[in-house]
Every structure is written in structure tokens, then in C-alpha cells.
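As stored in model.csv (CSV, C-alpha atoms):
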```
chain,number,residue,atom,x,y,z
I,242,MET,CA,-20.5,-77.5,36.1
I,243,ALA,CA,-17.3,-75.9,37.3
I,244,THR,CA,-15.8,-76.2,33.9
I,245,LEU,CA,-18.8,-74.4,32.3
I,246,VAL,CA,-18.4,-71.6,34.8
I,247,ARG,CA,-14.7,-71.2,34.0
I,248,LEU,CA,-15.4,-71.1,30.2
I,249,SER,CA,-18.1,-68.5,30.6
I,250,ARG,CA,-15.7,-66.3,32.7
I,251,LYS,CA,-13.0,-66.6,30.0
I,252,THR,CA,-15.4,-65.6,27.2
I,253,LEU,CA,-16.6,-62.6,29.3
I,254,THR,CA,-13.0,-61.5,29.9
I,255,LEU,CA,-12.2,-61.8,26.2
I,256,LYS,CA,-15.2,-59.7,25.3
I,257,ASN,CA,-14.2,-57.0,27.8
I,258,ALA,CA,-10.7,-57.0,26.4
I,259,LEU,CA,-11.7,-56.6,22.8
I,260,PRO,CA,-12.3,-52.8,22.9
I,261,SER,CA,-8.9,-52.1,24.5
I,262,SER,CA,-7.2,-54.2,22.0
I,263,SER,CA,-9.0,-52.4,19.1
I,264,LEU,CA,-7.9,-49.1,20.6
I,265,LEU,CA,-4.4,-50.2,20.7
I,266,PHE,CA,-4.6,-51.3,17.1
I,267,SER,CA,-6.0,-47.9,16.1
I,268,ARG,CA,-3.3,-46.2,18.0
I,269,HIS,CA,-0.7,-48.3,16.2
I,270,LEU,CA,-2.3,-47.3,12.9
I,271,SER,CA,-2.1,-43.6,13.9
I,272,THR,CA,1.6,-43.9,14.6
I,273,ASP,CA,2.2,-45.6,11.3
I,274,PRO,CA,4.7,-43.4,9.4
I,275,LYS,CA,2.7,-43.8,6.1
I,276,SER,CA,-0.5,-42.5,7.7
I,277,THR,CA,1.5,-39.7,9.3
I,278,GLN,CA,2.8,-38.7,5.9
I,279,THR,CA,-0.6,-38.8,4.4
I,280,SER,CA,-2.1,-36.6,7.1
I,281,SER,CA,0.7,-34.1,6.8
I,282,SER,CA,0.5,-34.0,3.0
I,283,SER,CA,-3.3,-33.4,3.3
I,284,SER,CA,-2.7,-30.5,5.7
I,285,THR,CA,0.0,-29.1,3.4
I,286,THR,CA,-2.4,-29.3,0.5
I,287,THR,CA,-5.0,-27.4,2.5
I,288,THR,CA,-2.6,-24.7,3.4
I,289,ALA,CA,-1.4,-24.5,-0.2
I,290,SER,CA,-4.9,-24.1,-1.5
I,291,ASP,CA,-5.5,-21.4,1.1
I,292,ARG,CA,-2.3,-19.7,0.1
I,293,VAL,CA,-3.3,-19.7,-3.6
I,294,LYS,CA,-6.7,-18.1,-2.7
I,295,TRP,CA,-5.0,-15.5,-0.5
I,296,ASP,CA,-2.6,-14.6,-3.3
I,297,TYR,CA,-5.5,-14.3,-5.7
I,298,ARG,CA,-7.3,-11.9,-3.3
I,299,GLY,CA,-4.2,-9.7,-3.2
I,300,GLN,CA,-4.2,-5.9,-3.1
I,301,ARG,CA,-5.3,-3.9,-6.1
I,302,ARG,CA,-3.5,-0.7,-7.0
I,303,ILE,CA,-6.3,1.0,-8.8
I,304,ILE,CA,-9.8,0.9,-7.3
I,305,PRO,CA,-12.7,2.4,-9.3
I,306,LEU,CA,-15.6,3.8,-7.3
I,307,GLY,CA,-18.8,4.2,-9.3
I,308,GLN,CA,-18.1,6.4,-12.3
I,309,TRP,CA,-14.8,7.5,-10.9
I,310,LEU,CA,-11.6,5.8,-12.1
I,311,PRO,CA,-8.1,7.0,-10.9
I,312,LYS,CA,-6.0,8.5,-13.7
I,313,ILE,CA,-2.3,8.1,-13.9
I,314,ALA,CA,-0.1,9.9,-16.5
I,315,VAL,CA,2.1,7.8,-18.8
I,316,ASP,CA,5.4,8.9,-17.3
I,317,ALA,CA,4.2,9.1,-13.7
I,318,TYR,CA,5.6,6.5,-11.2
I,319,VAL,CA,3.2,4.8,-8.9
I,320,ALA,CA,4.6,2.0,-6.7
I,321,PRO,CA,3.0,-1.5,-6.9
I,322,ASN,CA,1.7,-1.5,-3.3
I,323,VAL,CA,0.1,2.0,-3.6
I,324,VAL,CA,-3.7,2.3,-3.4
I,325,LEU,CA,-5.5,4.8,-5.6
I,326,ALA,CA,-9.3,4.9,-5.2
I,327,GLY,CA,-11.9,7.1,-6.8
I,328,GLN,CA,-11.3,10.7,-8.0
I,329,VAL,CA,-7.5,10.6,-8.1
I,330,THR,CA,-5.3,12.2,-10.7
I,331,VAL,CA,-1.6,11.7,-10.9
I,332,TYR,CA,-0.1,14.1,-13.4
I,333,ASP,CA,3.0,13.9,-15.6
I,334,GLY,CA,6.3,13.4,-13.9
I,335,ALA,CA,4.7,12.8,-10.5
I,336,SER,CA,5.6,9.9,-8.2
I,337,VAL,CA,3.7,8.1,-5.5
I,338,TRP,CA,6.0,5.9,-3.4
I,339,ALA,CA,5.5,2.6,-1.6
I,340,GLY,CA,2.7,2.1,0.8
I,341,SER,CA,0.8,5.3,0.2
I,342,VAL,CA,-3.0,5.5,0.1
I,343,ILE,CA,-4.8,8.2,-1.9
I,344,ARG,CA,-8.5,7.8,-1.3
I,345,GLY,CA,-10.7,10.1,-3.4
I,346,ASP,CA,-14.1,8.6,-2.5
I,347,LEU,CA,-15.6,11.8,-1.2
I,348,ASN,CA,-13.8,14.5,-3.3
I,349,LYS,CA,-11.0,15.1,-5.8
I,350,ILE,CA,-7.3,14.5,-5.1
I,351,SER,CA,-4.6,15.8,-7.5
I,352,VAL,CA,-0.9,15.2,-7.5
I,353,GLY,CA,0.7,17.9,-9.8
I,354,PHE,CA,3.5,17.9,-12.3
I,355,CYS,CA,6.9,16.6,-10.9
I,356,SER,CA,5.5,16.4,-7.4
I,357,ASN,CA,6.1,13.4,-5.1
I,358,VAL,CA,4.2,11.7,-2.4
I,359,GLN,CA,6.7,9.6,-0.4
I,360,GLU,CA,6.3,6.4,1.5
I,361,ARG,CA,3.3,5.6,3.8
I,362,CYS,CA,1.5,8.9,3.1
I,363,VAL,CA,-2.3,9.1,3.4
I,364,LEU,CA,-4.2,11.6,1.3
I,365,HIS,CA,-8.0,12.0,1.7
I,366,ALA,CA,-10.7,14.6,1.0
I,367,ALA,CA,-13.9,15.5,2.8
I,368,TRP,CA,-17.3,16.3,1.4
I,369,SER,CA,-17.0,19.9,2.4
I,370,SER,CA,-14.7,22.2,4.4
I,371,PRO,CA,-16.0,23.9,7.5
I,372,THR,CA,-14.0,27.0,6.6
I,373,GLY,CA,-15.7,27.4,3.2
I,374,LEU,CA,-12.5,26.7,1.4
I,375,PRO,CA,-12.2,24.1,-1.3
I,376,ALA,CA,-12.6,20.6,0.1
I,377,GLU,CA,-10.5,18.8,-2.5
I,378,THR,CA,-6.9,17.9,-1.8
I,379,PHE,CA,-4.8,19.7,-4.4
I,380,ILE,CA,-1.0,19.4,-4.7
I,381,GLU,CA,0.5,21.6,-7.4
I,382,ARG,CA,3.8,21.3,-9.3
I,383,PHE,CA,7.2,20.7,-7.7
I,384,VAL,CA,5.9,19.8,-4.3
I,385,THR,CA,7.6,17.3,-2.0
I,386,ILE,CA,5.5,15.5,0.6
I,387,GLY,CA,7.6,13.7,3.2
I,388,ALA,CA,7.0,10.2,4.3
I,389,TYR,CA,4.2,9.3,6.8
I,390,SER,CA,2.4,12.5,6.2
I,391,LEU,CA,-1.4,12.9,6.4
I,392,LEU,CA,-3.2,15.4,4.1
I,393,ARG,CA,-6.9,16.0,4.2
I,394,SER,CA,-8.8,18.6,2.1
I,395,CYS,CA,-5.8,21.0,1.9
I,396,THR,CA,-4.2,23.0,-0.9
I,397,ILE,CA,-0.4,23.1,-1.5
I,398,GLU,CA,0.8,25.7,-4.1
I,399,PRO,CA,3.8,25.2,-6.3
I,400,GLU,CA,7.3,24.6,-5.0
I,401,CYS,CA,6.7,23.7,-1.4
I,402,ILE,CA,8.2,21.1,1.0
I,403,ILE,CA,6.1,19.2,3.6
I,404,GLY,CA,8.3,17.5,6.1
I,405,GLN,CA,7.9,13.9,7.3
I,406,HIS,CA,5.1,12.9,9.8
I,407,SER,CA,3.3,16.2,9.1
I,408,ILE,CA,-0.5,16.6,9.3
I,409,LEU,CA,-2.5,19.1,7.2
I,410,MET,CA,-6.1,19.4,8.2
I,411,GLU,CA,-9.2,20.6,6.4
I,412,GLY,CA,-9.0,23.9,4.6
I,413,SER,CA,-5.4,24.5,5.3
I,414,LEU,CA,-3.3,26.3,2.7
I,415,VAL,CA,0.4,26.3,2.0
I,416,GLU,CA,1.4,29.1,-0.4
I,417,THR,CA,4.2,28.9,-2.9
I,418,HIS,CA,7.9,28.8,-1.9
I,419,SER,CA,7.1,27.6,1.7
I,420,ILE,CA,8.4,24.8,4.0
I,421,LEU,CA,6.6,23.0,6.8
I,422,GLU,CA,9.0,21.3,9.1
I,423,ALA,CA,8.8,17.6,9.9
I,424,GLY,CA,6.3,16.5,12.6
I,425,SER,CA,4.2,19.7,12.3
I,426,VAL,CA,0.4,19.9,12.5
I,427,LEU,CA,-1.4,22.6,10.4
I,428,PRO,CA,-4.8,23.2,12.0
I,429,PRO,CA,-8.0,23.6,9.9
I,430,GLY,CA,-8.1,26.8,7.9
I,431,ARG,CA,-4.6,27.8,8.7
I,432,ARG,CA,-2.5,29.5,6.0
I,433,ILE,CA,1.3,29.5,5.5
I,434,PRO,CA,2.2,32.7,3.6
I,435,THR,CA,4.7,32.8,0.7
I,436,GLY,CA,8.4,32.3,1.5
I,437,GLU,CA,8.1,31.3,5.1
I,438,LEU,CA,9.2,28.4,7.3
I,439,TRP,CA,6.7,27.0,9.8
I,440,ALA,CA,7.0,24.3,12.4
I,441,GLY,CA,5.4,22.9,15.6
I,442,ASN,CA,2.1,21.5,16.8
I,443,PRO,CA,0.2,23.6,16.1
I,444,ALA,CA,2.4,25.0,13.3
I,445,ARG,CA,3.7,28.5,13.8
I,446,PHE,CA,5.9,31.0,12.0
I,447,VAL,CA,9.7,30.4,12.5
I,448,ARG,CA,11.4,32.6,10.0
I,449,SER,CA,11.5,33.8,6.3
I,450,LEU,CA,13.3,31.6,3.8
I,451,THR,CA,16.4,32.9,2.1
I,452,HIS,CA,16.7,33.2,-1.7
I,453,GLU,CA,19.0,30.2,-1.8
I,454,GLU,CA,16.6,28.0,0.2
I,455,ILE,CA,13.8,28.9,-2.2
I,456,LEU,CA,15.8,27.9,-5.2
I,457,GLU,CA,16.5,24.5,-3.6
I,458,ILE,CA,12.9,23.5,-3.3
I,459,PRO,CA,12.2,22.7,-7.0
I,460,LYS,CA,15.6,21.1,-7.3
I,461,LEU,CA,14.6,18.5,-4.6
I,462,ALA,CA,11.5,17.7,-6.5
I,463,VAL,CA,13.4,17.2,-9.8
I,464,ALA,CA,16.0,15.0,-8.0
I,465,ILE,CA,13.2,12.7,-6.7
I,466,ASN,CA,11.7,12.6,-10.1
I,467,ASP,CA,15.0,11.5,-11.6
I,468,LEU,CA,15.2,8.8,-8.9
I,469,SER,CA,11.7,7.6,-9.7
I,470,LYS,CA,12.7,6.9,-13.3
I,471,SER,CA,15.1,4.2,-12.2
I,472,HIS,CA,12.2,2.5,-10.3
I,473,PHE,CA,9.8,3.1,-13.2
I,474,PHE,CA,11.9,1.1,-15.7
I,475,GLU,CA,12.0,-2.0,-13.5
I,476,PHE,CA,8.3,-2.7,-14.0
I,477,LEU,CA,6.7,-4.4,-17.0
I,478,PRO,CA,4.1,-2.4,-19.0
I,479,TYR,CA,0.4,-3.0,-18.6
I,480,SER,CA,0.1,-4.7,-22.0
I,481,THR,CA,1.0,-8.3,-22.9
I,482,VAL,CA,3.3,-7.4,-25.7
I,483,TYR,CA,6.3,-8.8,-23.8
I,484,LEU,CA,4.7,-12.3,-24.0
I,485,GLU,CA,4.6,-12.1,-27.8
I,486,VAL,CA,8.3,-11.0,-27.8
I,487,GLU,CA,9.2,-14.0,-25.6
I,488,LYS,CA,7.4,-16.4,-28.0
I,489,LEU,CA,9.2,-14.8,-31.0
I,490,LYS,CA,12.6,-15.2,-29.3
I,491,LYS,CA,11.9,-18.9,-28.6
I,492,SER,CA,10.8,-19.5,-32.2
I,493,LEU,CA,14.0,-18.0,-33.4
I,494,SER,CA,16.1,-19.8,-30.8
I,495,ILE,CA,17.2,-16.6,-29.2
I,496,THR,CA,18.3,-17.0,-25.6
I,497,LEU,CA,16.0,-15.2,-23.2
```
Would you kindly transcribe this structure into C-alpha cells?
Amino acid sequence: MATLVRLSRKTLTLKNALPSSSLLFSRHLSTDPKSTQTSSSSSTTTTASDRVKWDYRGQRRIIPLGQWLPKIAVDAYVAPNVVLAGQVTVYDGASVWAGSVIRGDLNKISVGFCSNVQERCVLHAAWSSPTGLPAETFIERFVTIGAYSLLRSCTIEPECIIGQHSILMEGSLVETHSILEAGSVLPPGRRIPTGELWAGNPARFVRSLTHEEILEIPKLAVAINDLSKSHFFEFLPYSTVYLEVEKLKKSLSITL
């Protein structure tokens, strides 16, 4: 009888010990280098597939809105990471530099001949202007817009300079041969007369421009236009003709 009791106790202890031994066995499997490599490779595959999806969902430069499609002249330079949406027109010789956003979803926005919108600028237009002036954002020829500027429903006449970090509000007007200093804020409906230098927040008259300063305004726009050409030639055309050229070179054993 005593021997039977001892045997039953041994079987009970073995049954209780089985789960712990199986846990140890599973832990041993989890620390196996092959299983670790498998799990890491699966996680890498998951991140790789996510990366491919993210790259596919990348930023678009031209965004049509309804019937409106942004128009870019043949010789205009628009950086690859610029966003043009809706009623936007970039005329001949104009340039829009990296990171800028021109959003014409409510009204028209035009960048005139040989004008330039430098890095990280935001151009927008409202439905209507409270001052009764045109609500579209219109930049005429030979105008330089400094980096990080914000323009909303304003008009800039030919041969003007808008300094960096400037803000032009609804209905504001900058007349020809004028300069707005960097960091200035032009309130709604404010007008800068011809041939004047304004600065401040809000912007105020500083002095009249000299004849030499007025002559330098279009020269700056032309210099930036020449600089944009070196960037323009670095990008492939929209068509796929270059792929046919590469096939022809390979068939003729011409080194690429």
C-alpha cells in the first residue's frame, strides 16, 4: 500500500512539472537564432512593404481641382517639391522654388513673366476681398518674392521686391518700382505707392527709392531667372522619350 502511494505521488509531481518544462522548451525555441532571424526578417518585410506604400503615396506637384488644372509655361521652373493646386498659372521665365505652396482653390493666382517665388512661400486667394478690390493673387513681371513670405489676395505690379518673411493681406497693393522690407506686414487694403520703400509691422513709409535702386529691381529678377535655368536642366522631361534613347544606345552598344 505504501508503494502505491509513493507511485501516485510521483505521477502527480510529473504532471505538475510538465507545463513548466514545456514553457522552458518554448523559451528555448524563442531564443533560437534561426527563429530570431525569421522574426526579424518578417518585421523587415513588413516595414519594407510599408515603405513602398508610403513612397507610392508621395507628394504630387500638380493637383487639379474640379475643372481647374494648374498651367506651367514651357520655360518656367517649378521645383519638384512645390505644390500647385487649382487656378494657378506660372508664366514664361517664372520660377517657383523648393517647398512653396500655391493654392488656387478659391480664386486665381498668377506668377508673371520672369518673376520668382522663393523657398517656402505660401500663396493663397480668398473668395472675395472685404475692400472690394480684386480677390485674386496677381504677381506681374520682374517681381521677386523673398523666402517664407505669405501672400493672400494681393496685387503686385511690375518690378517690385518683397522681402523675406513678409505678409501681404487681402486687397493690399504694391505699385510698380517699390520695395517692401523683410519681415514686414502689409494690412488689408493698404497701398504702397510707386517708387517707395516700406517696412515694419504694420508696414509704413520709410523713404523714396533712388533711380539706381529702381534700376536694380529687374536685374535681380533676371539674375534669379538665369540661376533657375541651371536647376531646370537637371530634371528629365515629362515625356518618356529618354527611355527610347536608352534602348537605342543599348542596341547599338553605346555606353550610357
* Quick one: of I:Leu421, I:Ile386, I:Leu374, I:Ala464, who's nearest to Glu360 in chain I, counting all atoms listed in the file? -> I:Ile386
* Structure fact -> One residue among I:Ile408, I:Cys401, I:Val463, I:Ala376 is nearest to Pro428 in chain I when using all atoms listed in the file, and that residue is I:Ile408
Shell of 8 Å around Asn357 in chain I, all atoms listed in the file, local chain residues under 5 positions omitted, as an mmCIF file with C-alpha atoms, in the frame of the given file:
```
data_model
loop_
_atom_site.group_PDB
_atom_site.id
_atom_site.type_symbol
_atom_site.label_atom_id
_atom_site.label_comp_id
_atom_site.auth_asym_id
_atom_site.auth_seq_id
_atom_site.Cartn_x
_atom_site.Cartn_y
_atom_site.Cartn_z
ATOM 1 C CA ALA I 335 4.700 12.800 -10.500
ATOM 2 C CA SER I 336 5.600 9.900 -8.200
ATOM 3 C CA VAL I 337 3.700 8.100 -5.500
ATOM 4 C CA TRP I 338 6.000 5.900 -3.400
ATOM 5 C CA VAL I 352 -0.900 15.200 -7.500
ATOM 6 C CA PHE I 383 7.200 20.700 -7.700
ATOM 7 C CA VAL I 384 5.900 19.800 -4.300
ATOM 8 C CA THR I 385 7.600 17.300 -2.000
ATOM 9 C CA ILE I 386 5.500 15.500 0.600
ATOM 10 C CA ALA I 462 11.500 17.700 -6.500
ATOM 11 C CA ILE I 465 13.200 12.700 -6.700
ATOM 12 C CA ASN I 466 11.700 12.600 -10.100
#
```
* Please provide the set of residues having any atom within 9 Å of Thr451 in chain I, restricted to all atoms listed in the file, with same-chain residues fewer than 3 positions apart removed, written as a VMD selection string. => chain I and resid 436 to 437 454 to 456
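When CA of Glu422 in chain I is paired with CA of Gly353 in chain I, their separation reads 20.9 Å.
CA of Lys312 in chain I to CA of Val358 in chain I spans 15.6 Å [interatomic distance, one decimal].
From CA of Val363 in chain I back to CA of Asp467 in chain I, the distance works out to 23.0 Å.
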* Do a neighbour search on Gly307 in chain I at 12 Å with only C-alpha atoms, toss out local chain neighbours closer than 6 positions, and write the hits as a list in words. => Ala326, Gly327, Gln328, Gly345, Asp346 and Leu347 of chain I
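With all atoms listed in the file as the atoms that count, the minimum distance from Arg361 in chain I to the choices I:Gly334, I:Gln405, I:Gly424, I:Glu377 is reached by I:Gln405.
Nearest-residue note for Gln359 in chain I: choosing from I:Gly387, I:Pro311, I:Pro429, I:Pro443, the minimum distance belongs to I:Gly387, counting all atoms listed in the file.
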* Asked: At most 8 Å from (5.3, 24.8, 7.7), file frame, only C-alpha atoms: which residues, as a PyMOL selection string?
  -> chain I and resi 403+415+419-422+425+427+433+437-440+444-446
* Asked: Between I:Gln308, I:Ser356, I:Ser341, I:Asn348, which has the minimum distance to Arg382 in chain I (counting all atoms listed in the file)?
  -> I:Ser356
